[in-house]
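Data block for query-v1.cif (mmCIF, C-alpha atoms):
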```cif
data_coords
loop_
_atom_site.label_atom_id
_atom_site.label_comp_id
_atom_site.auth_asym_id
_atom_site.auth_seq_id
_atom_site.Cartn_x
_atom_site.Cartn_y
_atom_site.Cartn_z
CA MET A 1 49.74 4.50 -101.20
CA SER A 2 52.15 4.48 -98.26
CA PRO A 3 50.76 4.46 -94.70
CA PHE A 4 54.04 5.85 -93.37
CA GLY A 5 53.27 9.43 -94.35
CA PHE A 6 50.16 9.24 -92.18
CA LEU A 7 52.09 7.65 -89.31
CA ALA A 8 55.00 10.11 -89.58
CA ASP A 9 52.78 13.19 -89.18
CA PRO A 10 52.82 14.12 -85.46
CA ALA A 11 49.43 15.82 -85.85
CA ASN A 12 47.84 12.40 -86.46
CA TRP A 13 49.04 11.10 -83.09
CA GLN A 14 47.44 13.73 -80.85
CA GLY A 15 43.96 14.91 -80.02
CA PRO A 16 40.63 13.16 -79.44
CA ASP A 17 40.82 11.33 -82.80
CA GLY A 18 44.60 10.83 -82.75
CA ILE A 19 46.43 7.52 -82.80
CA LEU A 20 47.26 7.52 -79.06
CA GLN A 21 43.63 8.11 -78.08
CA ARG A 22 42.41 5.41 -80.51
CA LEU A 23 45.02 2.97 -79.20
CA LEU A 24 43.91 3.67 -75.63
CA GLU A 25 40.26 3.07 -76.61
CA HIS A 26 41.26 -0.18 -78.30
CA LEU A 27 43.11 -1.35 -75.19
CA VAL A 28 40.23 -0.35 -72.89
CA TYR A 29 37.65 -2.26 -75.01
CA SER A 30 39.91 -5.30 -75.19
CA GLY A 31 41.04 -5.25 -71.56
CA LEU A 32 37.57 -4.73 -70.04
CA SER A 33 35.95 -7.40 -72.19
CA LEU A 34 38.73 -9.91 -71.42
CA LEU A 35 38.32 -9.22 -67.69
CA LEU A 36 34.55 -9.64 -67.92
CA ALA A 37 34.96 -12.88 -69.90
CA MET A 38 37.51 -14.23 -67.38
CA VAL A 39 35.23 -13.50 -64.43
CA VAL A 40 32.54 -15.60 -66.10
CA ALA A 41 34.51 -18.29 -67.93
CA ILE A 42 37.21 -19.27 -65.43
CA PRO A 43 34.91 -20.13 -62.45
CA VAL A 44 32.49 -22.00 -64.75
CA GLY A 45 35.44 -23.78 -66.39
CA ILE A 46 36.85 -24.74 -62.98
CA TRP A 47 33.48 -26.14 -61.90
CA ILE A 48 33.08 -28.16 -65.11
CA GLY A 49 36.70 -29.30 -65.09
CA HIS A 50 36.69 -30.27 -61.41
CA THR A 51 33.32 -32.05 -61.33
CA ARG A 52 33.65 -33.43 -64.90
CA ARG A 53 30.06 -32.37 -65.55
CA GLY A 54 28.70 -30.82 -68.72
CA GLN A 55 31.76 -31.63 -70.84
CA ALA A 56 29.67 -32.27 -73.95
CA VAL A 57 28.11 -28.80 -73.66
CA ILE A 58 31.57 -27.22 -73.79
CA SER A 59 32.57 -28.65 -77.16
CA LEU A 60 29.15 -27.71 -78.53
CA VAL A 61 29.47 -24.11 -77.29
CA VAL A 62 33.04 -23.77 -78.59
CA ASN A 63 32.14 -25.07 -82.05
CA ALA A 64 28.99 -22.99 -82.34
CA ALA A 65 30.86 -19.86 -81.19
CA ARG A 66 33.33 -20.22 -84.06
CA ALA A 67 30.43 -19.94 -86.52
CA ILE A 68 29.06 -16.68 -85.04
CA PRO A 69 29.80 -13.79 -87.43
CA THR A 70 31.56 -11.35 -85.10
CA LEU A 71 30.39 -8.24 -86.96
CA GLY A 72 26.79 -9.50 -86.84
CA LEU A 73 26.90 -10.11 -83.10
CA LEU A 74 28.43 -6.67 -82.54
CA VAL A 75 25.77 -4.87 -84.58
CA LEU A 76 23.02 -6.93 -82.95
CA VAL A 77 24.16 -6.01 -79.43
CA VAL A 78 24.62 -2.33 -80.35
CA LEU A 79 21.17 -2.14 -81.98
CA LEU A 80 19.58 -3.73 -78.89
CA LEU A 81 21.53 -1.85 -76.18
CA GLY A 82 22.65 1.34 -77.93
CA THR A 83 26.09 2.69 -78.80
CA GLY A 84 28.73 3.36 -76.17
CA LEU A 85 31.33 1.52 -74.15
CA MET A 86 29.28 -1.15 -72.36
CA PRO A 87 27.48 -2.69 -75.38
CA VAL A 88 30.80 -3.04 -77.23
CA VAL A 89 32.51 -4.56 -74.18
CA LEU A 90 29.59 -6.95 -73.71
CA ALA A 91 29.68 -8.12 -77.35
CA LEU A 92 33.45 -8.62 -77.20
CA ALA A 93 33.17 -10.51 -73.88
CA ILE A 94 30.62 -12.90 -75.41
CA LEU A 95 33.22 -13.75 -78.08
CA ALA A 96 36.01 -14.14 -75.51
CA ILE A 97 34.15 -16.54 -73.21
CA PRO A 98 34.25 -19.76 -75.34
CA PRO A 99 38.05 -19.90 -75.83
CA ILE A 100 38.75 -19.17 -72.13
CA LEU A 101 36.15 -21.71 -71.03
CA ASN A 102 37.60 -24.28 -73.42
CA GLY A 103 41.17 -23.62 -72.21
CA THR A 104 40.18 -23.96 -68.54
CA VAL A 105 38.21 -27.19 -69.01
CA THR A 106 40.88 -28.78 -71.25
CA GLY A 107 43.52 -27.74 -68.72
CA PHE A 108 41.67 -29.48 -65.91
CA ASN A 109 41.05 -32.54 -68.11
CA THR A 110 44.73 -32.91 -68.94
CA ALA A 111 45.93 -32.43 -65.35
CA ASP A 112 47.62 -35.72 -64.37
CA PRO A 113 44.92 -37.82 -62.63
CA ASP A 114 47.59 -39.47 -60.45
CA ALA A 115 48.50 -36.07 -59.01
CA VAL A 116 44.81 -35.39 -58.27
CA TYR A 117 44.33 -38.81 -56.60
CA ALA A 118 47.52 -38.31 -54.59
CA ALA A 119 46.25 -34.93 -53.40
CA ARG A 120 42.96 -36.51 -52.36
CA ALA A 121 44.82 -39.36 -50.62
CA VAL A 122 46.85 -37.00 -48.43
CA GLY A 123 43.59 -35.48 -47.27
CA MET A 124 43.27 -32.29 -49.31
CA THR A 125 39.77 -30.82 -49.49
CA GLY A 126 38.09 -30.20 -52.85
CA GLY A 127 39.12 -26.54 -52.71
CA GLN A 128 42.73 -27.41 -51.95
CA VAL A 129 42.85 -29.92 -54.81
CA ILE A 130 41.65 -27.19 -57.17
CA GLY A 131 43.92 -24.44 -55.85
CA LYS A 132 47.11 -26.37 -55.23
CA VAL A 133 47.03 -29.13 -57.86
CA GLU A 134 44.54 -28.80 -60.71
CA LEU A 135 44.72 -25.05 -61.30
CA PRO A 136 48.55 -24.87 -61.43
CA LEU A 137 48.63 -27.88 -63.78
CA ALA A 138 45.90 -26.37 -65.96
CA MET A 139 47.58 -22.94 -66.13
CA PRO A 140 49.41 -23.36 -69.49
CA LEU A 141 46.16 -24.27 -71.25
CA ILE A 142 44.18 -21.54 -69.48
CA ILE A 143 46.78 -19.09 -70.78
CA SER A 144 46.51 -20.45 -74.30
CA GLY A 145 42.73 -19.94 -74.02
CA LEU A 146 43.33 -16.34 -72.94
CA ARG A 147 45.70 -15.95 -75.89
CA SER A 148 43.04 -17.01 -78.44
CA ALA A 149 40.47 -14.84 -76.67
CA THR A 150 42.80 -11.84 -76.90
CA LEU A 151 43.27 -12.32 -80.66
CA GLN A 152 39.52 -12.56 -81.15
CA VAL A 153 38.81 -9.49 -79.02
CA VAL A 154 41.52 -7.27 -80.55
CA ALA A 155 40.37 -8.21 -84.08
CA THR A 156 36.70 -7.64 -83.31
CA ALA A 157 37.38 -4.36 -81.45
CA THR A 158 38.70 -3.15 -84.82
CA ILE A 159 35.42 -3.72 -86.63
CA ALA A 160 33.51 -2.22 -83.68
CA ALA A 161 34.30 1.10 -85.36
CA MET A 162 31.65 0.16 -87.89
CA ALA A 163 29.07 0.32 -85.09
CA ALA A 164 30.08 3.86 -84.11
CA ALA A 165 32.73 2.79 -81.56
CA GLY A 166 36.27 4.18 -81.20
CA GLY A 167 39.48 2.18 -81.34
CA LEU A 168 42.04 1.75 -84.12
CA GLY A 169 39.34 0.54 -86.52
CA ARG A 170 38.17 4.16 -86.82
CA PHE A 171 41.09 4.87 -89.18
CA VAL A 172 39.91 2.06 -91.46
CA ILE A 173 36.26 3.18 -91.41
CA ASP A 174 36.95 6.93 -91.63
CA GLY A 175 39.62 6.46 -94.30
CA GLN A 176 37.20 4.50 -96.46
CA LYS A 177 34.73 7.37 -96.48
CA ARG A 178 37.29 9.69 -98.09
CA ARG A 179 38.49 9.55 -101.66
CA ASP A 180 42.17 9.83 -100.62
CA GLY A 181 41.74 7.88 -97.38
CA TYR A 182 43.58 4.68 -98.33
CA PRO A 183 46.87 5.61 -96.56
CA GLU A 184 44.84 6.27 -93.40
CA MET A 185 43.13 2.87 -93.74
CA LEU A 186 46.51 1.20 -94.23
CA ALA A 187 47.96 3.00 -91.20
CA GLY A 188 45.03 1.75 -89.08
CA ALA A 189 45.47 -1.79 -90.42
CA LEU A 190 49.20 -1.70 -89.70
CA LEU A 191 48.69 -0.41 -86.13
CA VAL A 192 46.11 -3.11 -85.40
CA ALA A 193 48.31 -5.84 -86.85
CA VAL A 194 51.30 -4.71 -84.78
CA LEU A 195 49.16 -4.50 -81.62
CA ALA A 196 47.76 -8.00 -82.19
CA ILE A 197 51.17 -9.54 -82.87
CA VAL A 198 52.74 -7.84 -79.82
CA LEU A 199 49.93 -9.06 -77.55
CA ASP A 200 50.17 -12.55 -79.06
CA LEU A 201 53.92 -12.72 -78.47
CA LEU A 202 53.38 -11.43 -74.91
CA TRP A 203 50.92 -14.26 -74.18
CA GLY A 204 53.35 -16.67 -75.82
CA LEU A 205 56.03 -15.54 -73.37
CA ILE A 206 53.69 -15.85 -70.37
CA GLY A 207 52.63 -19.31 -71.59
CA TRP A 208 56.26 -20.38 -71.94
CA ALA A 209 57.00 -19.20 -68.38
CA SER A 210 53.98 -21.04 -66.98
CA ARG A 211 54.87 -24.26 -68.82
CA ARG A 212 58.36 -24.10 -67.34
CA ARG A 213 56.91 -23.58 -63.88
CA THR A 214 54.50 -26.51 -64.27
CA HIS A 215 57.26 -28.83 -65.41
CA GLN A 216 59.48 -27.87 -62.49
CA THR A 217 56.82 -28.39 -59.85
CA ALA A 218 55.21 -31.46 -61.46
CA MET B 219 11.33 -9.46 -87.45
CA ASP B 220 9.99 -7.73 -90.52
CA PHE B 221 8.98 -10.54 -92.86
CA THR B 222 7.83 -8.10 -95.54
CA TRP B 223 11.43 -6.91 -95.87
CA ILE B 224 12.61 -10.52 -96.24
CA GLY B 225 9.93 -11.19 -98.87
CA ASN B 226 10.80 -8.05 -100.82
CA ASN B 227 14.52 -8.79 -100.77
CA LEU B 228 14.52 -12.55 -101.41
CA ALA B 229 16.39 -12.27 -104.71
CA ASP B 230 19.02 -9.99 -103.16
CA ILE B 231 19.43 -12.30 -100.14
CA GLY B 232 19.81 -15.30 -102.45
CA ALA B 233 22.47 -13.51 -104.52
CA ASN B 234 24.43 -12.55 -101.40
CA LEU B 235 24.11 -16.10 -100.07
CA GLY B 236 25.56 -17.44 -103.33
CA LEU B 237 28.38 -14.88 -103.22
CA HIS B 238 29.03 -15.83 -99.59
CA VAL B 239 29.37 -19.50 -100.56
CA ILE B 240 31.82 -18.65 -103.37
CA LEU B 241 33.87 -16.28 -101.19
CA SER B 242 34.20 -18.98 -98.50
CA VAL B 243 34.63 -22.13 -100.57
CA ALA B 244 37.34 -20.68 -102.83
CA PRO B 245 39.76 -19.71 -100.00
CA VAL B 246 39.27 -23.03 -98.21
CA LEU B 247 40.04 -25.02 -101.39
CA ILE B 248 43.02 -22.81 -102.24
CA ALA B 249 44.37 -23.15 -98.69
CA LEU B 250 43.97 -26.94 -98.78
CA VAL B 251 45.71 -27.29 -102.15
CA ILE B 252 48.63 -25.16 -100.92
CA SER B 253 48.86 -26.59 -97.39
CA LEU B 254 49.04 -30.28 -98.30
CA PRO B 255 52.31 -30.16 -100.28
CA VAL B 256 53.81 -27.34 -98.17
CA GLY B 257 52.93 -29.13 -94.93
CA TYR B 258 54.34 -32.42 -96.23
CA LEU B 259 57.62 -30.78 -97.30
CA LEU B 260 57.91 -28.95 -93.95
CA HIS B 261 57.28 -32.21 -92.11
CA ARG B 262 60.19 -33.75 -94.03
CA THR B 263 62.54 -31.09 -92.58
CA GLY B 264 62.03 -32.54 -89.09
CA ARG B 265 62.31 -30.12 -86.20
CA THR B 266 63.01 -27.13 -88.46
CA ALA B 267 59.31 -27.39 -89.36
CA ASN B 268 58.38 -26.06 -85.89
CA VAL B 269 60.03 -22.73 -86.65
CA TRP B 270 58.22 -22.39 -89.99
CA VAL B 271 54.88 -23.43 -88.55
CA ALA B 272 55.28 -20.83 -85.77
CA LEU B 273 56.23 -18.12 -88.30
CA ILE B 274 53.33 -18.91 -90.65
CA GLY B 275 51.03 -19.14 -87.61
CA LEU B 276 51.95 -15.56 -86.68
CA LEU B 277 49.89 -14.48 -89.69
CA TYR B 278 46.86 -15.85 -87.87
CA ALA B 279 47.40 -13.21 -85.18
CA VAL B 280 46.82 -10.41 -87.72
CA PRO B 281 43.16 -9.33 -87.58
CA SER B 282 41.26 -10.10 -90.79
CA VAL B 283 40.29 -6.45 -91.35
CA ALA B 284 43.95 -5.48 -91.39
CA LEU B 285 44.71 -8.17 -93.95
CA PHE B 286 41.72 -7.14 -96.12
CA VAL B 287 42.85 -3.51 -96.10
CA ALA B 288 46.45 -4.44 -96.96
CA MET B 289 45.48 -6.54 -100.01
CA PRO B 290 45.12 -3.71 -102.58
CA LEU B 291 48.65 -2.57 -101.67
CA LEU B 292 50.09 -6.09 -101.93
CA LEU B 293 48.16 -7.21 -105.01
CA GLY B 294 47.57 -3.91 -106.81
CA THR B 295 43.82 -4.57 -106.84
CA GLN B 296 40.92 -2.15 -106.29
CA ILE B 297 39.67 -1.95 -102.70
CA LEU B 298 36.21 -3.27 -103.67
CA ASP B 299 37.60 -6.24 -105.62
CA PRO B 300 36.33 -9.50 -104.04
CA ILE B 301 39.68 -11.09 -104.91
CA ASN B 302 41.08 -9.25 -101.84
CA ILE B 303 38.80 -11.26 -99.56
CA VAL B 304 39.62 -14.56 -101.31
CA ILE B 305 43.40 -14.12 -101.15
CA ALA B 306 43.42 -12.82 -97.54
CA LEU B 307 41.22 -15.68 -96.33
CA SER B 308 43.34 -18.20 -98.29
CA ALA B 309 46.40 -16.92 -96.43
CA TYR B 310 44.57 -17.39 -93.12
CA GLY B 311 43.58 -20.90 -94.12
CA VAL B 312 47.19 -21.75 -94.98
CA ALA B 313 48.37 -20.33 -91.62
CA LEU B 314 46.10 -22.78 -89.82
CA LEU B 315 46.11 -25.79 -92.16
CA VAL B 316 49.88 -26.12 -92.59
CA ARG B 317 50.12 -26.85 -88.87
CA SER B 318 47.43 -29.56 -89.16
CA VAL B 319 49.16 -31.17 -92.15
CA VAL B 320 52.54 -31.23 -90.37
CA ASP B 321 50.92 -32.66 -87.21
CA GLY B 322 49.04 -35.23 -89.29
CA PHE B 323 52.13 -36.55 -91.09
CA ARG B 324 54.01 -36.62 -87.79
CA ARG B 325 51.47 -39.03 -86.37
CA VAL B 326 52.26 -41.64 -89.02
CA GLU B 327 54.38 -44.23 -87.25
CA GLU B 328 57.86 -44.94 -88.52
CA SER B 329 57.12 -48.70 -88.57
CA VAL B 330 54.21 -48.11 -90.96
CA ARG B 331 56.46 -46.13 -93.29
CA LEU B 332 59.15 -48.81 -93.18
CA SER B 333 56.58 -51.55 -93.83
CA ALA B 334 55.44 -49.74 -96.97
CA ASP B 335 59.07 -49.46 -98.10
CA ALA B 336 59.61 -53.17 -97.37
CA MET B 337 56.55 -54.05 -99.44
CA GLY B 338 58.20 -52.32 -102.36
CA TYR B 339 56.16 -49.10 -102.45
CA GLY B 340 57.87 -46.26 -104.26
CA SER B 341 58.09 -43.03 -102.26
CA VAL B 342 55.31 -41.28 -104.20
CA ARG B 343 52.96 -44.24 -103.83
CA ARG B 344 53.84 -44.55 -100.14
CA VAL B 345 53.12 -40.88 -99.46
CA LEU B 346 49.84 -40.84 -101.38
CA THR B 347 48.38 -44.22 -100.39
CA VAL B 348 49.81 -44.83 -96.92
CA GLU B 349 51.00 -41.65 -95.22
CA LEU B 350 48.38 -39.20 -96.55
CA PRO B 351 45.33 -41.28 -95.52
CA LEU B 352 46.82 -41.76 -92.05
CA ALA B 353 47.49 -38.00 -91.78
CA MET B 354 44.00 -37.04 -92.99
CA PRO B 355 42.08 -37.24 -89.68
CA VAL B 356 44.19 -34.36 -88.29
CA VAL B 357 43.91 -32.48 -91.60
CA PHE B 358 40.13 -32.90 -91.53
CA SER B 359 39.85 -31.47 -88.03
CA GLY B 360 41.94 -28.46 -89.14
CA LEU B 361 39.81 -28.14 -92.26
CA ARG B 362 36.63 -27.99 -90.17
CA VAL B 363 38.01 -25.12 -88.07
CA VAL B 364 39.22 -23.26 -91.19
CA THR B 365 35.92 -23.70 -93.05
CA VAL B 366 33.70 -22.56 -90.19
CA SER B 367 35.85 -19.55 -89.33
CA THR B 368 36.24 -18.59 -93.01
CA ILE B 369 32.46 -18.54 -93.50
CA SER B 370 32.11 -16.23 -90.50
CA MET B 371 35.10 -14.05 -91.53
CA VAL B 372 33.80 -13.37 -95.04
CA SER B 373 31.24 -11.07 -93.40
CA VAL B 374 34.05 -8.91 -91.97
CA GLY B 375 34.66 -7.92 -95.61
CA ALA B 376 31.63 -5.64 -95.19
CA VAL B 377 34.00 -3.24 -93.42
CA ILE B 378 35.75 -2.62 -96.75
CA GLY B 379 32.46 -2.71 -98.65
CA ASN B 380 32.43 -6.33 -99.78
CA GLY B 381 31.11 -8.82 -97.26
CA ALA B 382 28.38 -10.79 -99.12
CA LEU B 383 25.86 -11.58 -96.33
CA GLY B 384 27.94 -9.35 -94.05
CA GLN B 385 26.56 -6.32 -95.92
CA TYR B 386 23.29 -6.84 -94.03
CA PHE B 387 25.12 -6.00 -90.79
CA ASP B 388 26.22 -2.66 -92.23
CA LEU B 389 22.74 -2.02 -93.64
CA GLY B 390 21.08 -2.96 -90.34
CA PHE B 391 23.30 -0.65 -88.35
CA ARG B 392 22.92 2.33 -90.68
CA GLN B 393 19.12 2.01 -90.83
CA ASN B 394 18.75 0.95 -87.17
CA PHE B 395 16.89 -2.11 -88.45
CA LEU B 396 17.26 -5.54 -86.82
CA THR B 397 15.77 -7.82 -89.50
CA PRO B 398 18.71 -7.82 -91.96
CA VAL B 399 21.15 -8.36 -89.05
CA ILE B 400 19.24 -11.41 -87.82
CA VAL B 401 18.85 -12.77 -91.36
CA GLY B 402 22.62 -12.42 -91.86
CA ILE B 403 23.53 -14.11 -88.57
CA ILE B 404 21.13 -17.02 -89.11
CA LEU B 405 22.18 -17.66 -92.72
CA ILE B 406 25.91 -17.49 -91.92
CA MET B 407 25.61 -19.83 -88.95
CA ALA B 408 23.43 -22.24 -90.94
CA LEU B 409 25.96 -22.18 -93.78
CA ALA B 410 28.80 -22.92 -91.32
CA LEU B 411 26.85 -25.78 -89.75
CA LEU B 412 26.03 -27.24 -93.17
CA ALA B 413 29.64 -27.00 -94.36
CA ASP B 414 30.87 -28.59 -91.14
CA GLY B 415 28.41 -31.46 -91.58
CA LEU B 416 29.50 -31.94 -95.21
CA ILE B 417 33.16 -32.17 -94.23
CA LEU B 418 32.33 -34.63 -91.45
CA LEU B 419 30.38 -36.71 -93.97
CA THR B 420 33.29 -36.61 -96.45
CA GLN B 421 35.59 -37.78 -93.67
CA ARG B 422 33.28 -40.68 -92.78
CA VAL B 423 33.04 -41.75 -96.44
CA THR B 424 36.72 -41.37 -97.35
CA LEU B 425 38.18 -42.67 -94.07
CA PRO B 426 35.64 -45.35 -93.05
CA TRP B 427 38.22 -47.07 -90.86
CA TYR B 428 38.83 -43.98 -88.77
CA GLY B 429 37.25 -44.09 -85.32
CA LEU B 430 36.70 -47.87 -85.49
CA ARG B 431 39.39 -48.59 -82.92
CA THR B 432 38.15 -46.05 -80.40
CA ARG B 433 34.60 -47.34 -80.81
CA GLN B 434 35.78 -50.90 -80.12
CA ALA B 435 37.78 -49.74 -77.10
CA ARG B 436 34.72 -48.03 -75.71
CA SER B 437 32.50 -51.08 -76.11
CA ARG B 438 35.07 -53.20 -74.31
CA GLY B 439 34.11 -51.53 -71.05
CA PRO B 440 35.79 -49.20 -68.58
CA ARG B 441 39.28 -47.98 -69.35
CA PRO B 442 42.14 -49.42 -67.21
CA THR B 443 42.60 -46.24 -65.16
CA GLU B 444 38.97 -46.34 -64.17
CA VAL B 445 39.33 -49.97 -63.05
CA ILE B 446 42.27 -49.14 -60.78
CA VAL B 447 40.38 -46.32 -59.09
#
```
Using structure tokens, write down the structure from this file.
Amino acid sequence: MSPFGFLADPANWQGPDGILQRLLEHLVYSGLSLLLAMVVAIPVGIWIGHTRRGQAVISLVVNAARAIPTLGLLVLVVLLLGTGLMPVVLALAILAIPPILNGTVTGFNTADPDAVYAARAVGMTGGQVIGKVELPLAMPLIISGLRSATLQVVATATIAAMAAAGGLGRFVIDGQKRRDGYPEMLAGALLVAVLAIVLDLLWGLIGWASRRRTHQTA
Amino acid sequence: MDFTWIGNNLADIGANLGLHVILSVAPVLIALVISLPVGYLLHRTGRTANVWVALIGLLYAVPSVALFVAMPLLLGTQILDPINIVIALSAYGVALLVRSVVDGFRRVEESVRLSADAMGYGSVRRVLTVELPLAMPVVFSGLRVVTVSTISMVSVGAVIGNGALGQYFDLGFRQNFLTPVIVGIILIMALALLADGLILLTQRVTLPWYGLRTRQARSRGPRPTEVIV
């Protein structure tokens, strides 16, 4: 029943279906989809947060997104666009957008209005207000949005293995197909859990640093 | 959409829908029953509670698949046993709800607590009839998040062969057939929406006073900051 036998065998770490390759795939899926989601969600979030338009839409989108079954979305996208890297990244990015968008907009909303008015009063342009005042003040909440998005993406990248993708979820799926595959499933589960916790703690550290910075400059 | 498939499988879809409801409602109720007393006791420890809430919250970082797979090892159950899903999702619910309960009790003002004491309330009566109702709005908002995400997470159980409506995602992928996938997504989202509405309704009925003050404030006109600007 122990996953450690599987993990201790060096043969399981190497090769095209080894742990290192699966870990790399997992990180590539997660990293690319987070980047894609950031490119979309942060500018839109900045626009909504700065102009205060479309706020109601945000809470609607965030709540609805929580109800989307991640596995269903993944299979839907893969059936429509085919297997491979891009469909998986696209499906994961769709799931990562709402938390990042929410973090950015909430960050802008909670930026001290006095600081924003002061910036306007000393003659800053709209762009300067965003870049020098609102964005730095919003940073801790943007980071907490990125943190939730990362958890969602790493978890969903695991079940992407069910739709013929790589990543650490492969050990869970492949292990289940074999009669004696439970240790392999457990090893996959353990690796994914450790990866998720490490990434979460990393974001926690970055968030802590950014909060300290905000408090010093504010 | 292949409506013939839906027609032919109505009984099966209904059974999976029922199973989905059971597999989501049970963990949410279990998590609520555990989180209320645990959250209250943690809140009583003061700042130490932050450490515990952070530690319990770490569980939320663990992907649900990993937790599902680990259950047979931890509980000694069979991998296909639906109890794995229920216990794992209950643990998730606790990880999220304990924080809400602690936050909720923290929002009860000290003066309110002291007033209850001064009026001769015993501590049990004070907690149940004064503090708990005042903490409930925060608990309800946590409960809504837990319920909606639990309903969507049950389907991840399909990965270990037990996902109620989530099984249609596996079926759809293996047969390259969109209809079951769409049926699954629509039913799960509708279920989440319905559950969310029910909780909101329960909140309105049990806490009729909540939201009154903000509604009055809004009708009184622009907020002070807006007047200054």
Expansion of the PyMOL selection byres ((chain B) within 6 of (chain A)) into residues, as a tab-separated table (two decimals) with C-alpha atoms, keeping the file's coordinate frame:
```tsv
chain	number	residue	atom	x	y	z
B	279	ALA	CA	47.40	-13.21	-85.18
B	280	VAL	CA	46.82	-10.41	-87.72
B	281	PRO	CA	43.16	-9.33	-87.58
B	284	ALA	CA	43.95	-5.48	-91.39
B	366	VAL	CA	33.70	-22.56	-90.19
B	367	SER	CA	35.85	-19.55	-89.33
B	370	SER	CA	32.11	-16.23	-90.50
B	387	PHE	CA	25.12	-6.00	-90.79
B	403	ILE	CA	23.53	-14.11	-88.57
B	407	MET	CA	25.61	-19.83	-88.95
B	410	ALA	CA	28.80	-22.92	-91.32
```
Taking 6 positions as the minimum chain separation for residues in the same chain, which residues sit within 12 Å of region 296-303 of chain B when counting only C-alpha atoms? Answer as a ChimeraX atom specification. /A:172,175-176,179,181-182,185-186 /B:237-238,240-246,282-290,309-310,368-369,371-382
What gap, in Å, lies between CA of Pro98 (chain A) and CA of Ser30 (chain A)?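 Between CA of Pro98 (chain A) and CA of Ser30 (chain A) the gap is 15.5 Å.
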Which neighbours of region 267-276 of chain B fall inside 9 Å, counting all atoms listed in the file, when residues of the same chain fewer than 4 positions from it are skipped, and could you give them as a list in words?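 Listing them by chain and then by number gives Ile197, Asp200 and Leu201 of chain A; Gly257, Leu259, Leu260, His261, Arg262, Thr263, Val280, Tyr310, Val312, Ala313, Leu314, Val316, Arg317 and Val320 of chain B.
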Please, what is the axis-aligned box for every listed atom of region 96-114 of chain A with 8 Å on each side, as centre and edge lengths in Å to one decimal, as AutoDock Vina command-line options?
```
--center_x 40.9 --center_y -26.8 --center_z -68.1 --size_x 29.5 --size_y 41.3 --size_z 31.4
```
Distance query 12 Å from (41.0, 10.2, -82.2) using all atoms listed in the file, result as an NGL selection string: :A and (11-26 or 161 or 165-171 or 174 or 188)
Residues within 8 Å of Leu250 (chain B), please, as a PDB file with C-alpha atoms, keeping the file's coordinate frame. Count all atoms listed in the file; anything in the same chain fewer than 5 positions from it doesn't count.
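Saved result, result28.pdb, follows:
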```
ATOM      1  CA  GLY B 311      43.580 -20.900 -94.120  1.00  0.00           C
ATOM      2  CA  VAL B 312      47.190 -21.750 -94.980  1.00  0.00           C
ATOM      3  CA  LEU B 315      46.110 -25.790 -92.160  1.00  0.00           C
ATOM      4  CA  LEU B 361      39.810 -28.140 -92.260  1.00  0.00           C
TER       5      LEU B 361
END
```
Between CA of Ile248 (chain B) and CA of Tyr428 (chain B), what is the spacing in Å?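 Computed distance, CA of Tyr428 (chain B) to CA of Ile248 (chain B), equals 25.4 Å.
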